Amino acid sequence: PDLDVSSHHKRDDLDGRPTTKGSIPVKVFRSMARNPWKFLLGSLVSATVLSVIGITVGKFSLAVENDGWRSRKTLISNREIQAHLINRNQDALFYDDDGSAWDSLENNKEEGWKFEDRRSLSALDGNSKLNTKERRLGISFNDCDHGNWYTYGIMDGASLSCAWKPVGSSALEPEVLLEICKAEQSTLALIKSQDACLTCNGECLPPQSLVLILRDYLSSSVNGTLQMSCEDLTDLYTSSVRSSFTTMLVNCIDHIKETFDSEGFDLGAYAYENKTTTPCPDLLPFIASSVDSSFSADILKVEYTSSIFPTDTRKINRLYDVVNDMDRGDDSIVRGAYGTNDDYFANTLIDEYIETDMLLATASLFITMIAILVHTRSPWLSFIGILQIVFSIPLAYFVYSLVLQLDFFPFLNFIGVFVVAALGADDVFVAVDKWKNARNDAPHATTEEIASVALPDAAGAMFLTTTTTCVAFFATAICPVAPVRCFVVFVGLLVFLDYLMNIALVFPALCLYDKWLLNGNANFFIIICNKQTEVPDVNFESANKSLIHRILSLYYKYLHKFRWAVLAIFAISIGVCIYFATTFQLPESSTVKLLPDDHQFEISNTWRNELLLQQYISNRGSSVQILWGVQPADDGNINNPDSLSSLVIDNSFEAQSDESQIYLRDMCDRLFENEFVLRPDKEYECPINRFDRWLNEQALLNPLTNAYETLSEQVLLNPPPTNAYETHCDNASALPMQSSSFDACFIAWSQINGETTVLNKNGKIQVLIIKAKSTANMENAYSVLKKEWTNFENWLSDERSVAPEGVNGMYHTSGTFWFYDTNRAMLQTAFGAAGIAVGFSSLVVFLASRSLRLTLFSLVAIMYVLAATVASLVGLGWSMGFLESICLAILIGISCDFVIHFSHAYNHLKGNISREERTKYTVIHMGPSILAAAATTFAAALIMLFCKVAFFTKFASILFMTMLHSTLGTFVGFLVLADIFGPSNPTKFVDDQLKRCCGKNISESKEEGT
């Protein structure tokens, strides 16, 4: 039914004019209306001074900082940081004679520490033996046609490589090999023009690839194949040659698979195996980089292959400049993607993209200004609205840098410009609409009287949404990852200071705007079209309503008419969304991608990971250390990646007792009996076990004869000085030995053998390290990393419970586990911040509405927004990864804004008013502001979609989805619930309870102006 509320209520009307009350906000805003220029100019001067101070004293810089993407001050991170300090200064500590190196580390925090791997794409964790050889050709390589040099150095992570994927065929097809060969020659010529290739006799060495393997294979029967043109080479590649060549590849690859030992796999050593005993050519093991892992006698199709170019990595930057000009083949036959294993190209491009993406922030401000202009039809208000948003940025930096003393400014902070552009426009829309509604209610009131009603109402409504949004951002600061913490703090400050600047600038600007219109000064700068648009509060069906109000009135008419059907559809939608939201899975890989999936650098990385050699490198696992003598601690600045911890030694570590010696001696064998633990290499033996064996060998020496003549062959190769044993070891023959001699003897042995995993401080063993490997690596799924860390932790926990006092403080640490911990922290932050944001939003709705039913309706709407947003991401094929989790946590606060505005508007009418009237009032009076805010946010999100960095585009996608479902959740879900079940007197129940407790309800207090 059509509703006419004119006979039922008036909203703060008194003889056609707003009533005024004596509260402090009303007095302030009445004073502002009397002296708008004073308030406006004072605010502008103050904001300008503080902005200049913030930018100059705070040394604001647009330099992009991408470091610090690791958790801090967690158990795992504390362990890894201490291990990092030991490893970084291992030689200095080992050769420290007076304890000065130890004292320096203990008393000073290391500075300038940078995390260079923003992306966890390195599968070479712990693979130090890959780069032990000199990469450049020496004078001993006289025969350039020989392939032996390809057996080392070529896999340097910085070398240029191209991953190939044949289109619908095998890389062994003649036309595919021909296309790869021609592309290699073209790229090789380009590399030579940049003087960035390794050469022999003045010519660039050819890339390691199937083409080179084929040339080498044919060289036994045909002369000159290494210099042969691509066309001539493929002419020789007849069906019979292809068959025999494929057989050779199969036999070689099968042999590699059969003999592969993940525990002892070492590319450097593997390359020098006796080739006469294998069916592989001299290019082993890098032939495994030329086929994918599925290639075998049963599957003769090569779906992925690669070309690895001998590169002078000192000039790799030159190749980055021309990488887009490199030949990627005929994409109808084969597709190529260039990159480097160490992601130099990708990281360089990301830095460039970040700088260009930041320029889009200016575009978002322009779109925001257009949106404000369309909504207000006032260039004056649009100018002040943009000024409000612009000033909030340096003011936020003032607080961020000078008040909170935050020095680290990550690139994520620039997302705040997009966020504040959207939310700042929302505040402008609310303020302008509140003013216009008040003016339409009392067309003959003075500006001072309008300000006394509209401005407190607008400030209160904006305060509710500002606090919920700020809390959502600040709650995410529980994240122990520096860039995220700094980002959410900065954006939270932006939102809050934008609110303050709205009051300081837009409110007096509205007073001036109203005065000018009342005085007839309606020039183009003040208002584009001076057409009075009245929206009388007492007659919703007035013919004077604007188009948007007529549309919303018509919308409510049909929403009310079909309310039960809409409620059923909404309820079903919630159920469906919750179902799909529960299917949101963790990613199959923990890799963080900052470039789009279709970029050639990401494609190159993905295809390289399919190669057999890359699979083996990944299967080698990652390095793990078990440490005694240092405590897991981090006393550095968690908000600054450049501030590392000092070294915190564990003074309880005492290994001298018989029980401790026996435990340490026997622990190593127990450690490597676990299936999840690998030895660093086949010959690895724990330091204390080697020390025990050395004691036995020394004891067998006859001190009256020449010691070297009686040593075993191993000892002869490294003859120990007997005086060290005689001086320090008290004639011990095995462990346990005399506790008084243990430290001195063990230290002497470590000095003789250069064993830097045994570190002493002033003659006492301070740190002992056991090296191992985990079967997991950084590219494994989160669940795999969690399982691996748990396996190590549980085993060591059991060991600590039985270890003797003095050696029971050991722990394990690994860069891979630190990366797992960072992902874990992100997920925990998402859930923790979400809980805080939803809980606080519920509290705000309840305090603002003083209605349990409205609070329940708001929670239902918020639940729909969250479930629908997550379900949409599932539909897009996303997973709950590193970036997605943090975006969701942040945007929960934004998702609450609309429903809070509607709750506030529903509660605005005083007295006992029917739910239908209240609902219609809500949608007509608050709907335009929310729709305008949603449109502006959509526009900001659309602009961000043009960004290149994946985090920005993901944030934009989630922002877009959040706004879409927030609009649906409020305009459909909340309104239909309020229209059917809403209270006619929302505050009655709570007011009655307060009256019983306090003797006076809130409404009465407000009437008295308290």
# chains A, B, ... in the order shown; residues from 1 in each chain; ligands from 1
>>> closest_atom_pairs(of="region 828-879 of chain A", to="region 940-960 of chain A", cutoff="9 Å", atoms="only C-alpha atoms", output="tab-separated table")
residue	atom	partner	partner_atom	distance
A:Thr869	CA	A:Ile958	CA	7.3
A:Val870	CA	A:Ile958	CA	8.7
A:Leu873	CA	A:Ile958	CA	7.8
>>> residues_around(residues="Leu512 (chain A)", least_positions_apart="6", cutoff="10 Å", atoms="only C-alpha atoms", output="PyMOL selection string")
chain A and resi 32-37+40+380-381+447+506+518+526
>>> write_last_selection(atoms="C-alpha atoms", output="mmCIF file, in the first residue's frame")
data_model
loop_
_atom_site.group_PDB
_atom_site.id
_atom_site.type_symbol
_atom_site.label_atom_id
_atom_site.label_comp_id
_atom_site.auth_asym_id
_atom_site.auth_seq_id
_atom_site.Cartn_x
_atom_site.Cartn_y
_atom_site.Cartn_z
ATOM 1 C CA MET A 32 30.662 27.401 12.330
ATOM 2 C CA ALA A 33 27.568 28.525 10.434
ATOM 3 C CA ARG A 34 27.989 32.058 11.798
ATOM 4 C CA ASN A 35 31.681 32.235 10.821
ATOM 5 C CA PRO A 36 32.229 29.730 8.008
ATOM 6 C CA TRP A 37 35.219 31.517 6.484
ATOM 7 C CA LEU A 40 37.409 27.048 6.653
ATOM 8 C CA TRP A 380 32.516 24.492 -5.080
ATOM 9 C CA LEU A 381 31.549 21.461 -3.002
ATOM 10 C CA THR A 447 21.829 28.629 7.709
ATOM 11 C CA VAL A 506 33.210 20.340 3.870
ATOM 12 C CA LEU A 518 19.958 32.183 0.185
ATOM 13 C CA ILE A 526 28.518 27.466 -6.649
#
>>> residues_around(residues="Asp232 (chain A)", least_positions_apart="3", cutoff="12 Å", atoms="only C-alpha atoms", output="list of chain:residue names")
A:Pro174, A:Leu177, A:Leu178, A:Cys181, A:Lys182, A:Arg215, A:Leu218, A:Val222, A:Gly224, A:Thr225, A:Leu226, A:Gln227, A:Met228, A:Ser229, A:Asp235, A:Leu236, A:Tyr237, A:Thr238
>>> write_last_selection(atoms="all heavy atoms", output="short mmCIF file (atom, residue, chain, number, x, y, z; two decimals), in the first residue's frame")
data_model
loop_
_atom_site.label_atom_id
_atom_site.label_comp_id
_atom_site.auth_asym_id
_atom_site.auth_seq_id
_atom_site.Cartn_x
_atom_site.Cartn_y
_atom_site.Cartn_z
N PRO A 174 59.68 -32.40 -35.87
CA PRO A 174 60.63 -31.61 -36.66
C PRO A 174 60.27 -30.14 -36.75
O PRO A 174 61.15 -29.27 -36.62
CB PRO A 174 60.60 -32.29 -38.04
CG PRO A 174 60.14 -33.68 -37.76
CD PRO A 174 59.18 -33.58 -36.61
N LEU A 177 61.09 -28.40 -33.40
CA LEU A 177 62.53 -28.22 -33.22
C LEU A 177 63.06 -27.13 -34.15
O LEU A 177 63.92 -26.33 -33.76
CB LEU A 177 63.26 -29.53 -33.48
CG LEU A 177 63.22 -30.57 -32.35
CD1 LEU A 177 63.89 -31.86 -32.79
CD2 LEU A 177 63.90 -30.02 -31.10
N LEU A 178 62.54 -27.09 -35.36
CA LEU A 178 62.97 -26.05 -36.30
C LEU A 178 62.60 -24.67 -35.78
O LEU A 178 63.42 -23.74 -35.83
CB LEU A 178 62.32 -26.30 -37.67
CG LEU A 178 62.59 -25.23 -38.73
CD1 LEU A 178 64.08 -25.12 -39.03
CD2 LEU A 178 61.80 -25.53 -40.01
N CYS A 181 64.81 -23.79 -32.83
CA CYS A 181 66.16 -23.52 -33.31
C CYS A 181 66.27 -22.11 -33.89
O CYS A 181 67.19 -21.36 -33.58
CB CYS A 181 66.56 -24.57 -34.35
SG CYS A 181 68.21 -24.34 -35.04
N LYS A 182 65.31 -21.74 -34.73
CA LYS A 182 65.35 -20.41 -35.34
C LYS A 182 65.16 -19.32 -34.28
O LYS A 182 65.81 -18.27 -34.34
CB LYS A 182 64.26 -20.29 -36.42
CG LYS A 182 64.53 -21.16 -37.64
CD LYS A 182 63.61 -20.82 -38.80
CE LYS A 182 62.16 -21.15 -38.48
NZ LYS A 182 61.28 -20.92 -39.65
N ARG A 215 72.17 -31.69 -32.01
CA ARG A 215 73.42 -31.41 -32.73
C ARG A 215 74.54 -32.32 -32.23
O ARG A 215 75.30 -32.90 -33.02
CB ARG A 215 73.81 -29.94 -32.55
CG ARG A 215 72.90 -28.93 -33.23
CD ARG A 215 73.40 -27.50 -32.98
NE ARG A 215 72.53 -26.48 -33.50
CZ ARG A 215 72.53 -26.03 -34.77
NH1 ARG A 215 73.39 -26.54 -35.64
NH2 ARG A 215 71.70 -25.07 -35.15
N LEU A 218 74.03 -35.94 -33.40
CA LEU A 218 74.34 -36.18 -34.81
C LEU A 218 75.82 -36.01 -35.12
O LEU A 218 76.30 -36.46 -36.18
CB LEU A 218 73.52 -35.22 -35.69
CG LEU A 218 72.00 -35.44 -35.70
CD1 LEU A 218 71.32 -34.34 -36.49
CD2 LEU A 218 71.66 -36.81 -36.31
N VAL A 222 77.91 -37.11 -38.41
CA VAL A 222 77.91 -36.04 -39.41
C VAL A 222 78.82 -34.92 -38.91
O VAL A 222 78.72 -34.50 -37.76
CB VAL A 222 76.49 -35.49 -39.66
CG1 VAL A 222 76.53 -34.38 -40.70
CG2 VAL A 222 75.55 -36.60 -40.09
N GLY A 224 80.28 -31.11 -38.56
CA GLY A 224 79.82 -29.73 -38.61
C GLY A 224 78.41 -29.49 -38.14
O GLY A 224 77.81 -28.45 -38.46
N THR A 225 77.84 -30.40 -37.36
CA THR A 225 76.44 -30.20 -36.93
C THR A 225 76.29 -29.03 -35.97
O THR A 225 75.23 -28.40 -35.91
CB THR A 225 75.92 -31.48 -36.26
OG1 THR A 225 76.78 -31.82 -35.17
CG2 THR A 225 75.85 -32.62 -37.24
N LEU A 226 77.35 -28.71 -35.21
CA LEU A 226 77.23 -27.63 -34.24
C LEU A 226 77.17 -26.27 -34.92
O LEU A 226 76.71 -25.29 -34.33
CB LEU A 226 78.40 -27.67 -33.26
CG LEU A 226 78.42 -28.87 -32.31
CD1 LEU A 226 79.67 -28.86 -31.45
CD2 LEU A 226 77.18 -28.90 -31.44
N GLN A 227 77.65 -26.18 -36.18
CA GLN A 227 77.57 -24.91 -36.91
C GLN A 227 76.50 -24.93 -37.98
O GLN A 227 76.30 -23.95 -38.69
CB GLN A 227 78.92 -24.61 -37.57
CG GLN A 227 80.06 -24.31 -36.60
CD GLN A 227 80.66 -25.56 -36.00
OE1 GLN A 227 80.63 -26.63 -36.63
NE2 GLN A 227 81.19 -25.46 -34.78
N MET A 228 75.77 -26.01 -38.08
CA MET A 228 74.81 -26.20 -39.16
C MET A 228 73.59 -25.30 -38.98
O MET A 228 73.18 -25.00 -37.86
CB MET A 228 74.39 -27.67 -39.19
CG MET A 228 73.60 -28.10 -40.41
SD MET A 228 73.31 -29.89 -40.37
CE MET A 228 74.98 -30.51 -40.70
N SER A 229 73.01 -24.85 -40.10
CA SER A 229 71.80 -24.03 -40.04
C SER A 229 70.63 -24.86 -39.52
O SER A 229 70.66 -26.10 -39.56
CB SER A 229 71.45 -23.47 -41.42
OG SER A 229 71.03 -24.52 -42.28
N ASP A 235 66.67 -31.13 -41.71
CA ASP A 235 66.67 -32.03 -42.87
C ASP A 235 67.30 -33.37 -42.51
O ASP A 235 66.91 -34.42 -43.04
CB ASP A 235 67.42 -31.39 -44.03
CG ASP A 235 66.63 -30.25 -44.68
OD1 ASP A 235 65.40 -30.20 -44.46
OD2 ASP A 235 67.24 -29.43 -45.38
N LEU A 236 68.30 -33.32 -41.63
CA LEU A 236 68.94 -34.57 -41.17
C LEU A 236 68.08 -35.33 -40.18
O LEU A 236 68.32 -36.51 -39.92
CB LEU A 236 70.30 -34.26 -40.53
CG LEU A 236 71.38 -33.68 -41.44
CD1 LEU A 236 72.62 -33.35 -40.61
CD2 LEU A 236 71.73 -34.68 -42.53
N TYR A 237 67.09 -34.63 -39.64
CA TYR A 237 66.25 -35.22 -38.59
C TYR A 237 65.13 -36.03 -39.24
O TYR A 237 63.96 -35.68 -39.19
CB TYR A 237 65.70 -34.09 -37.71
CG TYR A 237 65.00 -34.54 -36.45
CD1 TYR A 237 65.63 -35.34 -35.51
CD2 TYR A 237 63.69 -34.14 -36.20
CE1 TYR A 237 64.99 -35.72 -34.36
CE2 TYR A 237 63.04 -34.51 -35.03
CZ TYR A 237 63.69 -35.31 -34.12
OH TYR A 237 63.04 -35.69 -32.97
N THR A 238 65.53 -37.11 -39.87
CA THR A 238 64.59 -38.00 -40.54
C THR A 238 63.82 -38.82 -39.51
O THR A 238 64.12 -38.80 -38.32
CB THR A 238 65.32 -38.92 -41.51
OG1 THR A 238 66.23 -39.74 -40.76
CG2 THR A 238 66.09 -38.12 -42.55
#
>>> select_by_dssp(residues="region 185-402 of chain A", states="alpha helix (DSSP H)", output="ChimeraX atom specification")
/A:185-193,210-218,230-236,239-259,267-270,316-322,344-376,379-398
>>> write_last_selection(atoms="C-alpha atoms", output="CSV table (one decimal), in the first residue's frame")
chain,number,residue,atom,x,y,z
A,185,GLN,CA,69.4,-18.1,-33.2
A,186,SER,CA,67.5,-14.9,-33.3
A,187,THR,CA,67.7,-14.4,-29.6
A,188,LEU,CA,71.4,-15.3,-29.5
A,189,ALA,CA,72.0,-12.6,-32.1
A,190,LEU,CA,70.1,-10.1,-29.9
A,191,ILE,CA,72.1,-11.2,-26.8
A,192,LYS,CA,75.4,-10.8,-28.7
A,193,SER,CA,74.3,-7.3,-29.8
A,210,LEU,CA,67.0,-30.1,-27.3
A,211,VAL,CA,68.5,-28.5,-30.4
A,212,LEU,CA,72.0,-28.6,-28.9
A,213,ILE,CA,71.5,-32.2,-27.7
A,214,LEU,CA,70.4,-33.1,-31.2
A,215,ARG,CA,73.4,-31.4,-32.7
A,216,ASP,CA,75.7,-33.3,-30.3
A,217,TYR,CA,73.9,-36.6,-31.1
A,218,LEU,CA,74.3,-36.2,-34.8
A,230,CYS,CA,68.4,-24.9,-38.5
A,231,GLU,CA,67.0,-25.9,-41.8
A,232,ASP,CA,69.9,-28.3,-42.6
A,233,LEU,CA,69.8,-29.7,-39.1
A,234,THR,CA,66.1,-30.6,-39.4
A,235,ASP,CA,66.7,-32.0,-42.9
A,236,LEU,CA,68.9,-34.6,-41.2
A,239,SER,CA,62.0,-40.4,-39.1
A,240,SER,CA,64.7,-43.0,-38.4
A,241,VAL,CA,67.0,-40.4,-36.7
A,242,ARG,CA,64.1,-39.2,-34.7
A,243,SER,CA,63.3,-42.7,-33.5
A,244,SER,CA,66.9,-43.4,-32.4
A,245,PHE,CA,67.2,-39.9,-30.9
A,246,THR,CA,64.0,-40.4,-28.9
A,247,THR,CA,65.3,-43.8,-27.8
A,248,MET,CA,68.5,-42.3,-26.5
A,249,LEU,CA,66.5,-39.6,-24.6
A,250,VAL,CA,64.2,-42.2,-23.1
A,251,ASN,CA,67.1,-44.4,-22.0
A,252,CYS,CA,68.9,-41.4,-20.5
A,253,ILE,CA,65.9,-40.0,-18.7
A,254,ASP,CA,64.9,-43.4,-17.4
A,255,HIS,CA,68.4,-43.9,-16.1
A,256,ILE,CA,68.3,-40.5,-14.4
A,257,LYS,CA,65.0,-41.3,-12.7
A,258,GLU,CA,66.2,-44.7,-11.6
A,259,THR,CA,69.4,-43.4,-10.1
A,267,LEU,CA,74.2,-31.0,-9.6
A,268,GLY,CA,77.9,-30.2,-9.4
A,269,ALA,CA,79.0,-33.8,-8.5
A,270,TYR,CA,76.3,-35.4,-10.7
A,316,ILE,CA,71.7,-9.2,-17.3
A,317,ASN,CA,70.1,-5.8,-17.0
A,318,ARG,CA,70.8,-5.2,-20.7
A,319,LEU,CA,68.8,-8.3,-21.6
A,320,TYR,CA,65.9,-7.1,-19.5
A,321,ASP,CA,65.7,-4.0,-21.7
A,322,VAL,CA,65.3,-6.1,-24.8
A,344,TYR,CA,65.5,-10.8,-11.8
A,345,PHE,CA,63.3,-9.9,-14.7
A,346,ALA,CA,60.1,-10.3,-12.7
A,347,ASN,CA,61.2,-8.3,-9.7
A,348,THR,CA,62.6,-5.5,-11.9
A,349,LEU,CA,59.3,-5.3,-13.8
A,350,ILE,CA,57.3,-5.3,-10.5
A,351,ASP,CA,59.2,-2.3,-9.3
A,352,GLU,CA,58.4,-0.5,-12.6
A,353,TYR,CA,54.8,-1.5,-12.4
A,354,ILE,CA,54.4,-0.2,-8.9
A,355,GLU,CA,55.6,3.2,-10.0
A,356,THR,CA,53.2,3.4,-12.9
A,357,ASP,CA,50.4,1.9,-10.9
A,358,MET,CA,50.8,4.7,-8.4
A,359,LEU,CA,50.0,7.2,-11.1
A,360,LEU,CA,46.5,5.7,-11.4
A,361,ALA,CA,45.8,7.1,-8.0
A,362,THR,CA,45.5,10.5,-9.5
A,363,ALA,CA,43.0,9.1,-12.0
A,364,SER,CA,40.9,7.8,-9.0
A,365,LEU,CA,40.9,11.2,-7.5
A,366,PHE,CA,39.7,12.7,-10.8
A,367,ILE,CA,36.9,10.1,-11.0
A,368,THR,CA,36.0,10.9,-7.4
A,369,MET,CA,35.7,14.6,-8.2
A,370,ILE,CA,33.4,13.9,-11.2
A,371,ALA,CA,31.2,11.7,-9.0
A,372,ILE,CA,31.0,14.4,-6.3
A,373,LEU,CA,30.2,17.0,-9.0
A,374,VAL,CA,27.4,14.8,-10.5
A,375,HIS,CA,25.9,14.2,-7.1
A,376,THR,CA,26.2,17.7,-5.7
A,379,PRO,CA,31.9,22.8,-8.4
A,380,TRP,CA,32.5,24.5,-5.1
A,381,LEU,CA,31.5,21.5,-3.0
A,382,SER,CA,33.4,19.1,-5.4
A,383,PHE,CA,36.6,21.2,-5.1
A,384,ILE,CA,36.4,21.2,-1.3
A,385,GLY,CA,35.5,17.5,-1.3
A,386,ILE,CA,38.7,16.6,-3.3
A,387,LEU,CA,40.7,19.0,-1.1
A,388,GLN,CA,39.5,17.1,1.9
A,389,ILE,CA,40.7,13.8,0.4
A,390,VAL,CA,44.0,15.3,-0.8
A,391,PHE,CA,44.8,16.8,2.6
A,392,SER,CA,44.1,13.6,4.4
A,393,ILE,CA,47.1,12.0,2.7
A,394,PRO,CA,50.0,14.2,4.0
A,395,LEU,CA,48.2,14.6,7.3
A,396,ALA,CA,48.1,10.8,7.7
A,397,TYR,CA,51.8,10.7,6.8
A,398,PHE,CA,52.4,13.3,9.5
>>> residues_around(residues="region 459-465 of chain A", least_positions_apart="2", cutoff="7 Å", atoms="only C-alpha atoms", output="VMD selection string")
chain A and resid 427 455 to 457 467 to 469 844 897 900 to 901 904
>>> closest_residue(among="A:Thr919, A:Ser401, A:Ser660, A:Ser77", to="Ser984 (chain A)", atoms="only C-alpha atoms")
A:Thr919
